[in-house]
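Shown below: work.txt, with compact mmCIF, N, CA and C atoms.
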# COMPACT_ATOMS: atom_id res chain seq x y z
N VAL A 1 -4.83 71.66 209.47
CA VAL A 1 -5.83 72.69 209.25
C VAL A 1 -6.76 72.77 210.46
N GLN A 2 -6.90 73.98 210.96
CA GLN A 2 -7.81 74.18 212.09
C GLN A 2 -8.69 75.40 211.84
N LEU A 3 -9.96 75.25 212.16
CA LEU A 3 -10.91 76.34 212.12
C LEU A 3 -11.59 76.42 213.47
N GLN A 4 -11.57 77.59 214.06
CA GLN A 4 -12.12 77.77 215.40
C GLN A 4 -13.15 78.89 215.35
N ALA A 5 -14.42 78.51 215.47
CA ALA A 5 -15.49 79.50 215.47
C ALA A 5 -15.80 79.94 216.89
N SER A 6 -16.17 81.21 217.02
CA SER A 6 -16.51 81.75 218.33
C SER A 6 -17.50 82.90 218.17
N GLY A 7 -18.04 83.35 219.30
CA GLY A 7 -18.93 84.50 219.27
C GLY A 7 -20.40 84.20 219.45
N GLY A 8 -20.75 82.94 219.53
CA GLY A 8 -22.14 82.58 219.73
C GLY A 8 -22.62 82.95 221.12
N GLY A 9 -23.92 82.86 221.31
CA GLY A 9 -24.49 83.17 222.61
C GLY A 9 -25.99 83.25 222.56
N LEU A 10 -26.56 83.74 223.65
CA LEU A 10 -28.01 83.90 223.77
C LEU A 10 -28.36 85.38 223.62
N VAL A 11 -29.23 85.67 222.65
CA VAL A 11 -29.66 87.05 222.43
C VAL A 11 -31.17 87.09 222.23
N GLN A 12 -31.73 88.27 222.36
CA GLN A 12 -33.16 88.44 222.13
C GLN A 12 -33.42 88.78 220.67
N THR A 13 -34.62 88.53 220.25
CA THR A 13 -35.03 88.86 218.88
C THR A 13 -34.74 90.32 218.58
N GLY A 14 -34.16 90.55 217.40
CA GLY A 14 -33.83 91.89 216.96
C GLY A 14 -32.42 92.34 217.30
N ASN A 15 -31.75 91.60 218.14
CA ASN A 15 -30.38 91.96 218.51
C ASN A 15 -29.37 91.43 217.50
N SER A 16 -28.10 91.70 217.78
CA SER A 16 -27.02 91.34 216.85
C SER A 16 -25.96 90.50 217.53
N LEU A 17 -25.26 89.74 216.72
CA LEU A 17 -24.10 88.98 217.16
C LEU A 17 -23.08 88.99 216.03
N ARG A 18 -21.81 88.90 216.40
CA ARG A 18 -20.75 88.78 215.40
C ARG A 18 -19.99 87.50 215.68
N LEU A 19 -20.03 86.59 214.74
CA LEU A 19 -19.26 85.37 214.84
C LEU A 19 -17.89 85.57 214.20
N SER A 20 -16.90 84.93 214.77
CA SER A 20 -15.56 84.95 214.23
C SER A 20 -15.08 83.54 213.98
N CYS A 21 -14.21 83.40 213.02
CA CYS A 21 -13.61 82.09 212.74
C CYS A 21 -12.13 82.30 212.49
N ALA A 22 -11.32 81.71 213.34
CA ALA A 22 -9.87 81.79 213.20
C ALA A 22 -9.36 80.56 212.48
N ALA A 23 -8.56 80.78 211.45
CA ALA A 23 -8.04 79.68 210.64
C ALA A 23 -6.53 79.56 210.81
N SER A 24 -6.04 78.34 210.74
CA SER A 24 -4.60 78.12 210.81
C SER A 24 -4.26 76.84 210.06
N GLY A 25 -3.02 76.76 209.62
CA GLY A 25 -2.54 75.54 209.01
C GLY A 25 -2.73 75.41 207.52
N PHE A 26 -3.21 76.48 206.87
CA PHE A 26 -3.36 76.42 205.42
C PHE A 26 -3.28 77.83 204.85
N ALA A 27 -3.21 77.90 203.52
CA ALA A 27 -3.08 79.19 202.83
C ALA A 27 -4.44 79.88 202.79
N PHE A 28 -4.82 80.46 203.89
CA PHE A 28 -6.17 81.01 204.10
C PHE A 28 -6.62 81.92 202.97
N SER A 29 -5.73 82.78 202.49
CA SER A 29 -6.13 83.78 201.50
C SER A 29 -6.47 83.20 200.14
N ARG A 30 -6.23 81.91 199.94
CA ARG A 30 -6.52 81.28 198.65
C ARG A 30 -7.67 80.29 198.73
N PHE A 31 -8.45 80.39 199.79
CA PHE A 31 -9.57 79.47 199.94
C PHE A 31 -10.87 80.24 200.14
N VAL A 32 -11.91 79.76 199.51
CA VAL A 32 -13.25 80.26 199.81
C VAL A 32 -13.62 79.83 201.22
N MET A 33 -14.24 80.75 201.94
CA MET A 33 -14.71 80.44 203.29
C MET A 33 -16.23 80.51 203.31
N GLY A 34 -16.82 79.65 204.10
CA GLY A 34 -18.28 79.62 204.17
C GLY A 34 -18.78 79.50 205.60
N TRP A 35 -20.04 79.87 205.75
CA TRP A 35 -20.75 79.70 207.02
C TRP A 35 -21.98 78.83 206.77
N PHE A 36 -22.18 77.89 207.64
CA PHE A 36 -23.35 77.02 207.61
C PHE A 36 -23.96 76.99 209.00
N ARG A 37 -25.18 76.51 209.08
CA ARG A 37 -25.81 76.36 210.39
C ARG A 37 -26.68 75.11 210.41
N GLN A 38 -26.86 74.60 211.61
CA GLN A 38 -27.70 73.42 211.78
C GLN A 38 -28.56 73.63 213.02
N ALA A 39 -29.85 73.69 212.78
CA ALA A 39 -30.81 73.82 213.88
C ALA A 39 -31.18 72.43 214.39
N PRO A 40 -31.66 72.34 215.62
CA PRO A 40 -32.04 71.03 216.17
C PRO A 40 -33.05 70.32 215.28
N GLY A 41 -32.73 69.08 214.95
CA GLY A 41 -33.65 68.28 214.15
C GLY A 41 -33.67 68.60 212.67
N LYS A 42 -32.78 69.50 212.24
CA LYS A 42 -32.75 69.89 210.83
C LYS A 42 -31.39 69.60 210.23
N GLU A 43 -31.37 69.61 208.90
CA GLU A 43 -30.11 69.40 208.21
C GLU A 43 -29.28 70.68 208.21
N ARG A 44 -27.97 70.49 208.03
CA ARG A 44 -27.10 71.65 207.93
C ARG A 44 -27.44 72.43 206.67
N GLU A 45 -27.47 73.76 206.79
CA GLU A 45 -27.82 74.58 205.65
C GLU A 45 -26.81 75.70 205.43
N PHE A 46 -26.71 76.11 204.19
CA PHE A 46 -25.80 77.18 203.79
C PHE A 46 -26.29 78.51 204.34
N VAL A 47 -25.35 79.33 204.80
CA VAL A 47 -25.68 80.67 205.27
C VAL A 47 -25.00 81.73 204.41
N ALA A 48 -23.67 81.63 204.26
CA ALA A 48 -22.93 82.65 203.52
C ALA A 48 -21.61 82.09 203.04
N SER A 49 -21.09 82.72 201.99
CA SER A 49 -19.80 82.32 201.44
C SER A 49 -19.08 83.57 200.95
N ILE A 50 -17.75 83.55 201.04
CA ILE A 50 -16.96 84.71 200.62
C ILE A 50 -15.76 84.24 199.83
N SER A 51 -15.47 84.95 198.74
CA SER A 51 -14.37 84.58 197.86
C SER A 51 -13.03 84.92 198.49
N TRP A 52 -11.96 84.50 197.80
CA TRP A 52 -10.62 84.67 198.33
C TRP A 52 -10.35 86.09 198.84
N ALA A 53 -10.61 87.06 197.98
CA ALA A 53 -10.27 88.45 198.30
C ALA A 53 -11.44 89.19 198.95
N GLY A 54 -12.55 88.47 199.14
CA GLY A 54 -13.72 89.11 199.74
C GLY A 54 -14.52 89.95 198.78
N THR A 55 -14.25 89.83 197.49
CA THR A 55 -14.93 90.67 196.51
C THR A 55 -16.29 90.12 196.11
N ARG A 56 -16.49 88.83 196.35
CA ARG A 56 -17.78 88.23 196.05
C ARG A 56 -18.32 87.54 197.29
N LYS A 57 -19.60 87.76 197.56
CA LYS A 57 -20.25 87.16 198.71
C LYS A 57 -21.60 86.63 198.28
N ASP A 58 -21.96 85.49 198.79
CA ASP A 58 -23.28 84.90 198.53
C ASP A 58 -23.96 84.60 199.86
N TYR A 59 -25.27 84.75 199.87
CA TYR A 59 -26.03 84.54 201.09
C TYR A 59 -27.27 83.70 200.81
N ALA A 60 -27.68 82.96 201.82
CA ALA A 60 -28.96 82.28 201.73
C ALA A 60 -30.07 83.34 201.75
N ASP A 61 -31.15 83.07 201.06
CA ASP A 61 -32.25 84.03 201.00
C ASP A 61 -32.76 84.39 202.39
N SER A 62 -32.71 83.45 203.30
CA SER A 62 -33.26 83.67 204.63
C SER A 62 -32.47 84.68 205.46
N VAL A 63 -31.23 84.97 205.03
CA VAL A 63 -30.40 85.89 205.82
C VAL A 63 -30.01 87.15 205.05
N LYS A 64 -30.35 87.21 203.76
CA LYS A 64 -29.99 88.38 202.95
C LYS A 64 -30.55 89.66 203.57
N GLY A 65 -29.69 90.67 203.62
CA GLY A 65 -30.09 91.94 204.20
C GLY A 65 -29.91 92.02 205.70
N ARG A 66 -29.67 90.88 206.35
CA ARG A 66 -29.47 90.87 207.80
C ARG A 66 -28.07 90.42 208.20
N PHE A 67 -27.50 89.49 207.44
CA PHE A 67 -26.18 88.96 207.75
C PHE A 67 -25.16 89.48 206.74
N THR A 68 -23.94 89.68 207.21
CA THR A 68 -22.83 90.09 206.35
C THR A 68 -21.59 89.31 206.72
N THR A 69 -20.96 88.73 205.72
CA THR A 69 -19.70 88.04 205.97
C THR A 69 -18.54 88.88 205.46
N SER A 70 -17.41 88.78 206.12
CA SER A 70 -16.21 89.51 205.73
C SER A 70 -14.99 88.69 206.14
N ARG A 71 -13.84 89.10 205.66
CA ARG A 71 -12.62 88.38 206.02
C ARG A 71 -11.45 89.34 206.11
N GLU A 72 -10.49 88.96 206.93
CA GLU A 72 -9.23 89.68 207.04
C GLU A 72 -8.13 88.65 206.77
N ASN A 73 -7.65 88.63 205.54
CA ASN A 73 -6.66 87.61 205.17
C ASN A 73 -5.36 87.76 205.95
N ALA A 74 -5.00 88.98 206.28
CA ALA A 74 -3.75 89.19 207.02
C ALA A 74 -3.81 88.58 208.42
N LYS A 75 -5.03 88.39 208.92
CA LYS A 75 -5.21 87.82 210.26
C LYS A 75 -5.77 86.41 210.22
N ASN A 76 -5.99 85.88 209.02
CA ASN A 76 -6.59 84.55 208.89
C ASN A 76 -7.92 84.45 209.62
N MET A 77 -8.74 85.46 209.43
CA MET A 77 -10.02 85.53 210.12
C MET A 77 -11.16 85.73 209.13
N VAL A 78 -12.28 85.11 209.43
CA VAL A 78 -13.52 85.36 208.68
C VAL A 78 -14.60 85.63 209.71
N TYR A 79 -15.54 86.50 209.33
CA TYR A 79 -16.55 86.96 210.28
C TYR A 79 -17.96 86.80 209.69
N LEU A 80 -18.92 86.70 210.59
CA LEU A 80 -20.32 86.73 210.18
C LEU A 80 -21.04 87.69 211.12
N GLN A 81 -21.38 88.86 210.60
CA GLN A 81 -22.15 89.83 211.36
C GLN A 81 -23.62 89.53 211.16
N MET A 82 -24.32 89.29 212.26
CA MET A 82 -25.73 88.91 212.20
C MET A 82 -26.56 89.97 212.90
N ASN A 83 -27.38 90.64 212.13
CA ASN A 83 -28.25 91.69 212.66
C ASN A 83 -29.70 91.27 212.59
N ASN A 84 -30.52 91.94 213.37
CA ASN A 84 -31.96 91.68 213.39
C ASN A 84 -32.23 90.17 213.51
N LEU A 85 -31.64 89.58 214.50
CA LEU A 85 -31.76 88.13 214.66
C LEU A 85 -33.19 87.72 214.99
N LYS A 86 -33.56 86.55 214.50
CA LYS A 86 -34.89 86.00 214.70
C LYS A 86 -34.78 84.64 215.37
N PRO A 87 -35.83 84.19 216.03
CA PRO A 87 -35.79 82.86 216.67
C PRO A 87 -35.42 81.76 215.69
N GLU A 88 -35.82 81.87 214.44
CA GLU A 88 -35.49 80.84 213.45
C GLU A 88 -34.01 80.83 213.06
N ASP A 89 -33.24 81.80 213.54
CA ASP A 89 -31.79 81.79 213.33
C ASP A 89 -31.08 80.94 214.37
N THR A 90 -31.80 80.46 215.35
CA THR A 90 -31.20 79.61 216.38
C THR A 90 -30.63 78.35 215.76
N ALA A 91 -29.34 78.12 216.00
CA ALA A 91 -28.65 76.98 215.40
C ALA A 91 -27.20 76.97 215.88
N VAL A 92 -26.54 75.88 215.59
CA VAL A 92 -25.08 75.83 215.71
C VAL A 92 -24.51 76.32 214.39
N TYR A 93 -23.64 77.29 214.45
CA TYR A 93 -23.05 77.89 213.25
C TYR A 93 -21.63 77.36 213.08
N TYR A 94 -21.32 76.97 211.84
CA TYR A 94 -20.02 76.41 211.50
C TYR A 94 -19.35 77.26 210.42
N CYS A 95 -18.05 77.44 210.56
CA CYS A 95 -17.28 77.99 209.44
C CYS A 95 -16.58 76.83 208.74
N ALA A 96 -16.31 77.02 207.47
CA ALA A 96 -15.74 75.95 206.67
C ALA A 96 -14.87 76.53 205.57
N ALA A 97 -13.93 75.72 205.08
CA ALA A 97 -12.99 76.14 204.05
C ALA A 97 -13.09 75.23 202.83
N ASP A 98 -13.18 75.83 201.66
CA ASP A 98 -13.17 75.11 200.39
C ASP A 98 -11.78 75.27 199.79
N VAL A 99 -10.97 74.22 199.87
CA VAL A 99 -9.57 74.32 199.45
C VAL A 99 -9.39 74.10 197.96
N ASN A 100 -10.45 73.74 197.26
CA ASN A 100 -10.37 73.52 195.82
C ASN A 100 -11.04 74.64 195.03
N SER A 101 -11.19 75.78 195.65
CA SER A 101 -11.86 76.90 195.02
C SER A 101 -10.91 77.66 194.10
N VAL A 102 -11.49 78.57 193.32
CA VAL A 102 -10.70 79.42 192.44
C VAL A 102 -10.99 80.88 192.78
N ALA A 103 -10.10 81.74 192.33
CA ALA A 103 -10.26 83.16 192.62
C ALA A 103 -11.57 83.68 192.06
N GLY A 104 -12.25 84.50 192.84
CA GLY A 104 -13.48 85.12 192.39
C GLY A 104 -14.73 84.31 192.58
N ALA A 105 -14.58 83.08 193.04
CA ALA A 105 -15.73 82.20 193.20
C ALA A 105 -16.17 82.13 194.65
N THR A 106 -17.39 81.67 194.84
CA THR A 106 -17.88 81.30 196.16
C THR A 106 -18.44 79.89 196.07
N SER A 107 -18.75 79.30 197.19
CA SER A 107 -19.27 77.93 197.21
C SER A 107 -20.47 77.88 198.16
N THR A 108 -21.58 77.37 197.65
CA THR A 108 -22.79 77.33 198.47
C THR A 108 -23.15 75.92 198.94
N GLY A 109 -22.55 74.91 198.34
CA GLY A 109 -22.87 73.54 198.74
C GLY A 109 -21.94 73.01 199.80
N ALA A 110 -22.51 72.37 200.81
CA ALA A 110 -21.70 71.86 201.91
C ALA A 110 -20.65 70.86 201.44
N LYS A 111 -20.99 70.10 200.40
CA LYS A 111 -20.06 69.07 199.91
C LYS A 111 -18.80 69.67 199.28
N ARG A 112 -18.84 70.97 198.98
CA ARG A 112 -17.68 71.63 198.41
C ARG A 112 -16.59 71.87 199.46
N TYR A 113 -16.99 71.88 200.71
CA TYR A 113 -16.08 72.29 201.77
C TYR A 113 -15.32 71.09 202.35
N ASP A 114 -14.04 71.33 202.59
CA ASP A 114 -13.15 70.26 203.00
C ASP A 114 -12.86 70.27 204.49
N TYR A 115 -12.86 71.44 205.07
CA TYR A 115 -12.52 71.56 206.49
C TYR A 115 -13.62 72.35 207.20
N TRP A 116 -13.91 71.90 208.41
CA TRP A 116 -15.00 72.48 209.20
C TRP A 116 -14.52 72.80 210.62
N GLY A 117 -15.03 73.90 211.14
CA GLY A 117 -14.79 74.22 212.53
C GLY A 117 -15.74 73.45 213.44
N GLN A 118 -15.62 73.65 214.72
CA GLN A 118 -16.37 72.86 215.68
C GLN A 118 -17.78 73.40 215.93
N GLY A 119 -18.05 74.61 215.48
CA GLY A 119 -19.39 75.17 215.64
C GLY A 119 -19.51 76.02 216.89
N THR A 120 -20.38 77.01 216.80
CA THR A 120 -20.69 77.87 217.94
C THR A 120 -22.20 78.06 217.98
N LEU A 121 -22.78 77.94 219.16
CA LEU A 121 -24.23 77.95 219.30
C LEU A 121 -24.77 79.37 219.40
N VAL A 122 -25.75 79.64 218.57
CA VAL A 122 -26.49 80.90 218.62
C VAL A 122 -27.93 80.60 218.99
N THR A 123 -28.40 81.23 220.05
CA THR A 123 -29.78 81.04 220.49
C THR A 123 -30.46 82.39 220.53
N VAL A 124 -31.56 82.49 219.81
CA VAL A 124 -32.32 83.74 219.75
C VAL A 124 -33.66 83.53 220.43
N SER A 125 -33.88 84.25 221.50
CA SER A 125 -35.12 84.11 222.25
C SER A 125 -36.16 85.10 221.73
N SER A 126 -37.42 84.67 221.82
CA SER A 126 -38.51 85.53 221.33
C SER A 126 -39.07 86.42 222.42

Could you render the structure as structure tokens?
Amino acid sequence: VQLQASGGGLVQTGNSLRLSCAASGFAFSRFVMGWFRQAPGKEREFVASISWAGTRKDYADSVKGRFTTSRENAKNMVYLQMNNLKPEDTAVYYCAADVNSVAGATSTGAKRYDYWGQGTLVTVSS
């Protein structure tokens, strides 16, 4: 199982970024996918989660209305569109897979996730 996150970078406040996560080595379309982030000196926190078919999505309150997650099962890809970025969004962003999920569900707890990508750094300057 491999998860490869990409798309991070340095942006100014109010700008947008789109993160991508390429998955391989497992039945991608049958796993919940999630995004987490970890800022310097802080614990890893939940950002977003998407169900198998993409019909259900959950977001942390801090990103609701600004971030959108989506997936393309045919391409084994999951995305995180981040708009109106703020300095407090600065963090390393990780994608993760919950292989014990069920259809229609999402997962918000980090302990639910079995596989993690290497992370991509997002820096938002003020």

key: Selection near range 14-28 of chain A, 7 Å with only C-alpha atoms, sequence-local residues under 2 positions removed, as a list in words   =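 My reading of the contact set: Val1, Gln2, Leu3, Gln4, Ala5, Ser6, Gly7, Gly8, Val11, Gln12, Arg30, Phe31, Asn73, Asn76, Met77, Val78, Tyr79, Leu80, Gln81, Met82, Asn83, Asn84, Leu85, Lys86 and Cys95 of chain A.
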
message = Set the distance at 7 Å and use only N, CA and C atoms: which residues neighbour Ala60 in chain A once local chain neighbours fewer than 5 positions away are removed? I'd like the list as a PyMOL selection string.
response = chain A and resi 46-49

Within 6.5 Å of Glu45 in chain A using all atoms listed in the file, minus same-chain residues under 6 positions, as a short mmCIF file (atom, residue, chain, number, x, y, z; two decimals) with N, CA and C atoms, in the frame of the given file:
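This is the output file result_35.cif:
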data_model
loop_
_atom_site.label_atom_id
_atom_site.label_comp_id
_atom_site.auth_asym_id
_atom_site.auth_seq_id
_atom_site.Cartn_x
_atom_site.Cartn_y
_atom_site.Cartn_z
N TRP A 35 -20.04 79.87 205.75
CA TRP A 35 -20.75 79.70 207.02
C TRP A 35 -21.98 78.83 206.77
N PHE A 36 -22.18 77.89 207.64
CA PHE A 36 -23.35 77.02 207.61
C PHE A 36 -23.96 76.99 209.00
N ARG A 37 -25.18 76.51 209.08
CA ARG A 37 -25.81 76.36 210.39
C ARG A 37 -26.68 75.11 210.41
N GLN A 38 -26.86 74.60 211.61
CA GLN A 38 -27.70 73.42 211.78
C GLN A 38 -28.56 73.63 213.02
N ALA A 39 -29.85 73.69 212.78
CA ALA A 39 -30.81 73.82 213.88
C ALA A 39 -31.18 72.43 214.39
#

ask   = Got a sec: who's within 8 Å of Thr123 in chain A, counting all atoms listed in the file, leaving out chain neighbours fewer than 3 positions off, as JSON, numbers by chain?
value = {"A": [8, 9, 10, 11, 12, 13, 86, 87, 89, 90, 91, 92, 120, 126]}

ask   = Among chain A, which residues carry a DSSP assignment of strand (DSSP E), reported as number ranges by chain?
value = A: 2-6, 9-12, 17-24, 32-38, 45-50, 57-59, 67-72, 77-82, 91-98, 115-116, 120-125

request  = Give me, please, the distance in Å between CA of Glu88 in chain A and CA of Lys111 in chain A, quoted to one decimal.
outcome  =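 Taking CA of Glu88 in chain A and CA of Lys111 in chain A, their separation equals 23.7 Å.
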
key: Selected residue of minimal separation from Tyr59 in chain A among A:Gln118, A:Asn100, A:Ser125, A:Thr106, counting only C-alpha atoms   =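 Of all the options, A:Thr106 lies closest to Tyr59 in chain A.
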
task = Up to 8 Å from (-17.6, 71.7, 205.1) in the file's coordinates: name the residues, counting only N, CA and C atoms, as a ChimeraX atom specification.
result = /A:34,94-98,109-117

Those residues you just picked out, can you put them in a file as an mmCIF file, in the frame of the given file with N, CA and C atoms?
data_model
loop_
_atom_site.group_PDB
_atom_site.id
_atom_site.type_symbol
_atom_site.label_atom_id
_atom_site.label_comp_id
_atom_site.auth_asym_id
_atom_site.auth_seq_id
_atom_site.Cartn_x
_atom_site.Cartn_y
_atom_site.Cartn_z
ATOM 1 N N GLY A 34 -16.820 79.650 204.100
ATOM 2 C CA GLY A 34 -18.280 79.620 204.170
ATOM 3 C C GLY A 34 -18.780 79.500 205.600
ATOM 4 N N TYR A 94 -21.320 76.970 211.840
ATOM 5 C CA TYR A 94 -20.020 76.410 211.500
ATOM 6 C C TYR A 94 -19.350 77.260 210.420
ATOM 7 N N CYS A 95 -18.050 77.440 210.560
ATOM 8 C CA CYS A 95 -17.280 77.990 209.440
ATOM 9 C C CYS A 95 -16.580 76.830 208.740
ATOM 10 N N ALA A 96 -16.310 77.020 207.470
ATOM 11 C CA ALA A 96 -15.740 75.950 206.670
ATOM 12 C C ALA A 96 -14.870 76.530 205.570
ATOM 13 N N ALA A 97 -13.930 75.720 205.080
ATOM 14 C CA ALA A 97 -12.990 76.140 204.050
ATOM 15 C C ALA A 97 -13.090 75.230 202.830
ATOM 16 N N ASP A 98 -13.180 75.830 201.660
ATOM 17 C CA ASP A 98 -13.170 75.110 200.390
ATOM 18 C C ASP A 98 -11.780 75.270 199.790
ATOM 19 N N GLY A 109 -22.550 74.910 198.340
ATOM 20 C CA GLY A 109 -22.870 73.540 198.740
ATOM 21 C C GLY A 109 -21.940 73.010 199.800
ATOM 22 N N ALA A 110 -22.510 72.370 200.810
ATOM 23 C CA ALA A 110 -21.700 71.860 201.910
ATOM 24 C C ALA A 110 -20.650 70.860 201.440
ATOM 25 N N LYS A 111 -20.990 70.100 200.400
ATOM 26 C CA LYS A 111 -20.060 69.070 199.910
ATOM 27 C C LYS A 111 -18.800 69.670 199.280
ATOM 28 N N ARG A 112 -18.840 70.970 198.980
ATOM 29 C CA ARG A 112 -17.680 71.630 198.410
ATOM 30 C C ARG A 112 -16.590 71.870 199.460
ATOM 31 N N TYR A 113 -16.990 71.880 200.710
ATOM 32 C CA TYR A 113 -16.080 72.290 201.770
ATOM 33 C C TYR A 113 -15.320 71.090 202.350
ATOM 34 N N ASP A 114 -14.040 71.330 202.590
ATOM 35 C CA ASP A 114 -13.150 70.260 203.000
ATOM 36 C C ASP A 114 -12.860 70.270 204.490
ATOM 37 N N TYR A 115 -12.860 71.440 205.070
ATOM 38 C CA TYR A 115 -12.520 71.560 206.490
ATOM 39 C C TYR A 115 -13.620 72.350 207.200
ATOM 40 N N TRP A 116 -13.910 71.900 208.410
ATOM 41 C CA TRP A 116 -15.000 72.480 209.200
ATOM 42 C C TRP A 116 -14.520 72.800 210.620
ATOM 43 N N GLY A 117 -15.030 73.900 211.140
ATOM 44 C CA GLY A 117 -14.790 74.220 212.530
ATOM 45 C C GLY A 117 -15.740 73.450 213.440
#

query = Which parts of range 11-81 of chain A does DSSP call helix (DSSP H, G or I) when run on the backbone here, written out as a count of residues only?
reply = 6

ask   = Which residues come within 5 Å of Ile50 in chain A, counting all atoms listed in the file, excluding same-chain residues fewer than 3 positions away, as a VMD selection string?
value = chain A and resid 32 to 33 56 to 57

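Relative to CA of Val102 in chain A, CA of Asp61 in chain A is found at 23.6 Å.
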
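Closest to Arg71 in chain A among A:Gly104, A:Gly54, A:Pro40, A:Gly119 is A:Gly54, based on all atoms listed in the file.
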
inquiry  = I'd like the interatomic distance between CA of Phe67 in chain A and atom N of Ala103 in chain A, to a tenth of an Å.
reply    =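 Taking CA of Phe67 in chain A and atom N of Ala103 in chain A, their separation equals 23.4 Å.
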
key: Counting only N, CA and C atoms, the option among A:Arg44, A:Val99, A:Thr108, A:Ser29 closest to Glu72 in chain A   =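 Looking at the shortest contact to Glu72 in chain A, the residue is A:Ser29.
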
Where is the centre and how long are the edges: axis-aligned box on range 33-50 of chain A, 8 Å on each side, Å to one decimal, as AutoDock Vina command-line options:
--center_x -24.0 --center_y 76.5 --center_z 208.0 --size_x 35.4 --size_y 32.4 --size_z 32.3

Completed range 109-115 of chain A (all heavy atoms) as a PDB file, keeping the file's coordinate frame:
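Result file rebuild24.pdb:
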ATOM      1  N   GLY A 109     -22.550  74.910 198.340  1.00  0.00           N
ATOM      2  CA  GLY A 109     -22.870  73.540 198.740  1.00  0.00           C
ATOM      3  C   GLY A 109     -21.940  73.010 199.800  1.00  0.00           C
ATOM      4  O   GLY A 109     -20.724  73.173 199.718  1.00  0.00           O
ATOM      5  N   ALA A 110     -22.510  72.370 200.810  1.00  0.00           N
ATOM      6  CA  ALA A 110     -21.700  71.860 201.910  1.00  0.00           C
ATOM      7  C   ALA A 110     -20.650  70.860 201.440  1.00  0.00           C
ATOM      8  O   ALA A 110     -19.558  70.776 201.996  1.00  0.00           O
ATOM      9  CB  ALA A 110     -22.607  71.225 202.965  1.00  0.00           C
ATOM     10  N   LYS A 111     -20.990  70.100 200.400  1.00  0.00           N
ATOM     11  CA  LYS A 111     -20.060  69.070 199.910  1.00  0.00           C
ATOM     12  C   LYS A 111     -18.800  69.670 199.280  1.00  0.00           C
ATOM     13  O   LYS A 111     -17.817  68.981 199.073  1.00  0.00           O
ATOM     14  CB  LYS A 111     -20.763  68.163 198.922  1.00  0.00           C
ATOM     15  CG  LYS A 111     -21.840  67.294 199.550  1.00  0.00           C
ATOM     16  CD  LYS A 111     -22.462  66.358 198.539  1.00  0.00           C
ATOM     17  CE  LYS A 111     -23.510  65.468 199.186  1.00  0.00           C
ATOM     18  NZ  LYS A 111     -24.135  64.528 198.210  1.00  0.00           N
ATOM     19  N   ARG A 112     -18.840  70.970 198.980  1.00  0.00           N
ATOM     20  CA  ARG A 112     -17.680  71.630 198.410  1.00  0.00           C
ATOM     21  C   ARG A 112     -16.590  71.870 199.460  1.00  0.00           C
ATOM     22  O   ARG A 112     -15.438  72.063 199.112  1.00  0.00           O
ATOM     23  CB  ARG A 112     -18.095  72.985 197.830  1.00  0.00           C
ATOM     24  CG  ARG A 112     -18.957  72.916 196.601  1.00  0.00           C
ATOM     25  CD  ARG A 112     -18.150  72.698 195.355  1.00  0.00           C
ATOM     26  NE  ARG A 112     -17.023  73.633 195.264  1.00  0.00           N
ATOM     27  CZ  ARG A 112     -16.095  73.570 194.315  1.00  0.00           C
ATOM     28  NH1 ARG A 112     -16.158  72.627 193.401  1.00  0.00           N
ATOM     29  NH2 ARG A 112     -15.109  74.447 194.293  1.00  0.00           N
ATOM     30  N   TYR A 113     -16.990  71.880 200.710  1.00  0.00           N
ATOM     31  CA  TYR A 113     -16.080  72.290 201.770  1.00  0.00           C
ATOM     32  C   TYR A 113     -15.320  71.090 202.350  1.00  0.00           C
ATOM     33  O   TYR A 113     -15.896  70.030 202.583  1.00  0.00           O
ATOM     34  CB  TYR A 113     -16.847  73.031 202.866  1.00  0.00           C
ATOM     35  CG  TYR A 113     -17.293  74.394 202.385  1.00  0.00           C
ATOM     36  CD1 TYR A 113     -18.462  74.536 201.644  1.00  0.00           C
ATOM     37  CD2 TYR A 113     -16.516  75.515 202.625  1.00  0.00           C
ATOM     38  CE1 TYR A 113     -18.854  75.781 201.169  1.00  0.00           C
ATOM     39  CE2 TYR A 113     -16.906  76.766 202.168  1.00  0.00           C
ATOM     40  CZ  TYR A 113     -18.074  76.888 201.438  1.00  0.00           C
ATOM     41  OH  TYR A 113     -18.454  78.118 200.964  1.00  0.00           O
ATOM     42  N   ASP A 114     -14.040  71.330 202.590  1.00  0.00           N
ATOM     43  CA  ASP A 114     -13.150  70.260 203.000  1.00  0.00           C
ATOM     44  C   ASP A 114     -12.860  70.270 204.490  1.00  0.00           C
ATOM     45  O   ASP A 114     -12.583  69.221 205.078  1.00  0.00           O
ATOM     46  CB  ASP A 114     -11.823  70.394 202.234  1.00  0.00           C
ATOM     47  CG  ASP A 114     -12.051  70.488 200.736  1.00  0.00           C
ATOM     48  OD1 ASP A 114     -12.260  69.428 200.124  1.00  0.00           O
ATOM     49  OD2 ASP A 114     -12.029  71.613 200.194  1.00  0.00           O
ATOM     50  N   TYR A 115     -12.860  71.440 205.070  1.00  0.00           N
ATOM     51  CA  TYR A 115     -12.520  71.560 206.490  1.00  0.00           C
ATOM     52  C   TYR A 115     -13.620  72.350 207.200  1.00  0.00           C
ATOM     53  O   TYR A 115     -14.141  73.331 206.665  1.00  0.00           O
ATOM     54  CB  TYR A 115     -11.168  72.241 206.669  1.00  0.00           C
ATOM     55  CG  TYR A 115     -10.035  71.463 206.058  1.00  0.00           C
ATOM     56  CD1 TYR A 115      -9.483  71.839 204.842  1.00  0.00           C
ATOM     57  CD2 TYR A 115      -9.519  70.332 206.691  1.00  0.00           C
ATOM     58  CE1 TYR A 115      -8.453  71.124 204.276  1.00  0.00           C
ATOM     59  CE2 TYR A 115      -8.485  69.604 206.125  1.00  0.00           C
ATOM     60  CZ  TYR A 115      -7.961  70.010 204.921  1.00  0.00           C
ATOM     61  OH  TYR A 115      -6.943  69.290 204.356  1.00  0.00           O
TER      62      TYR A 115
END
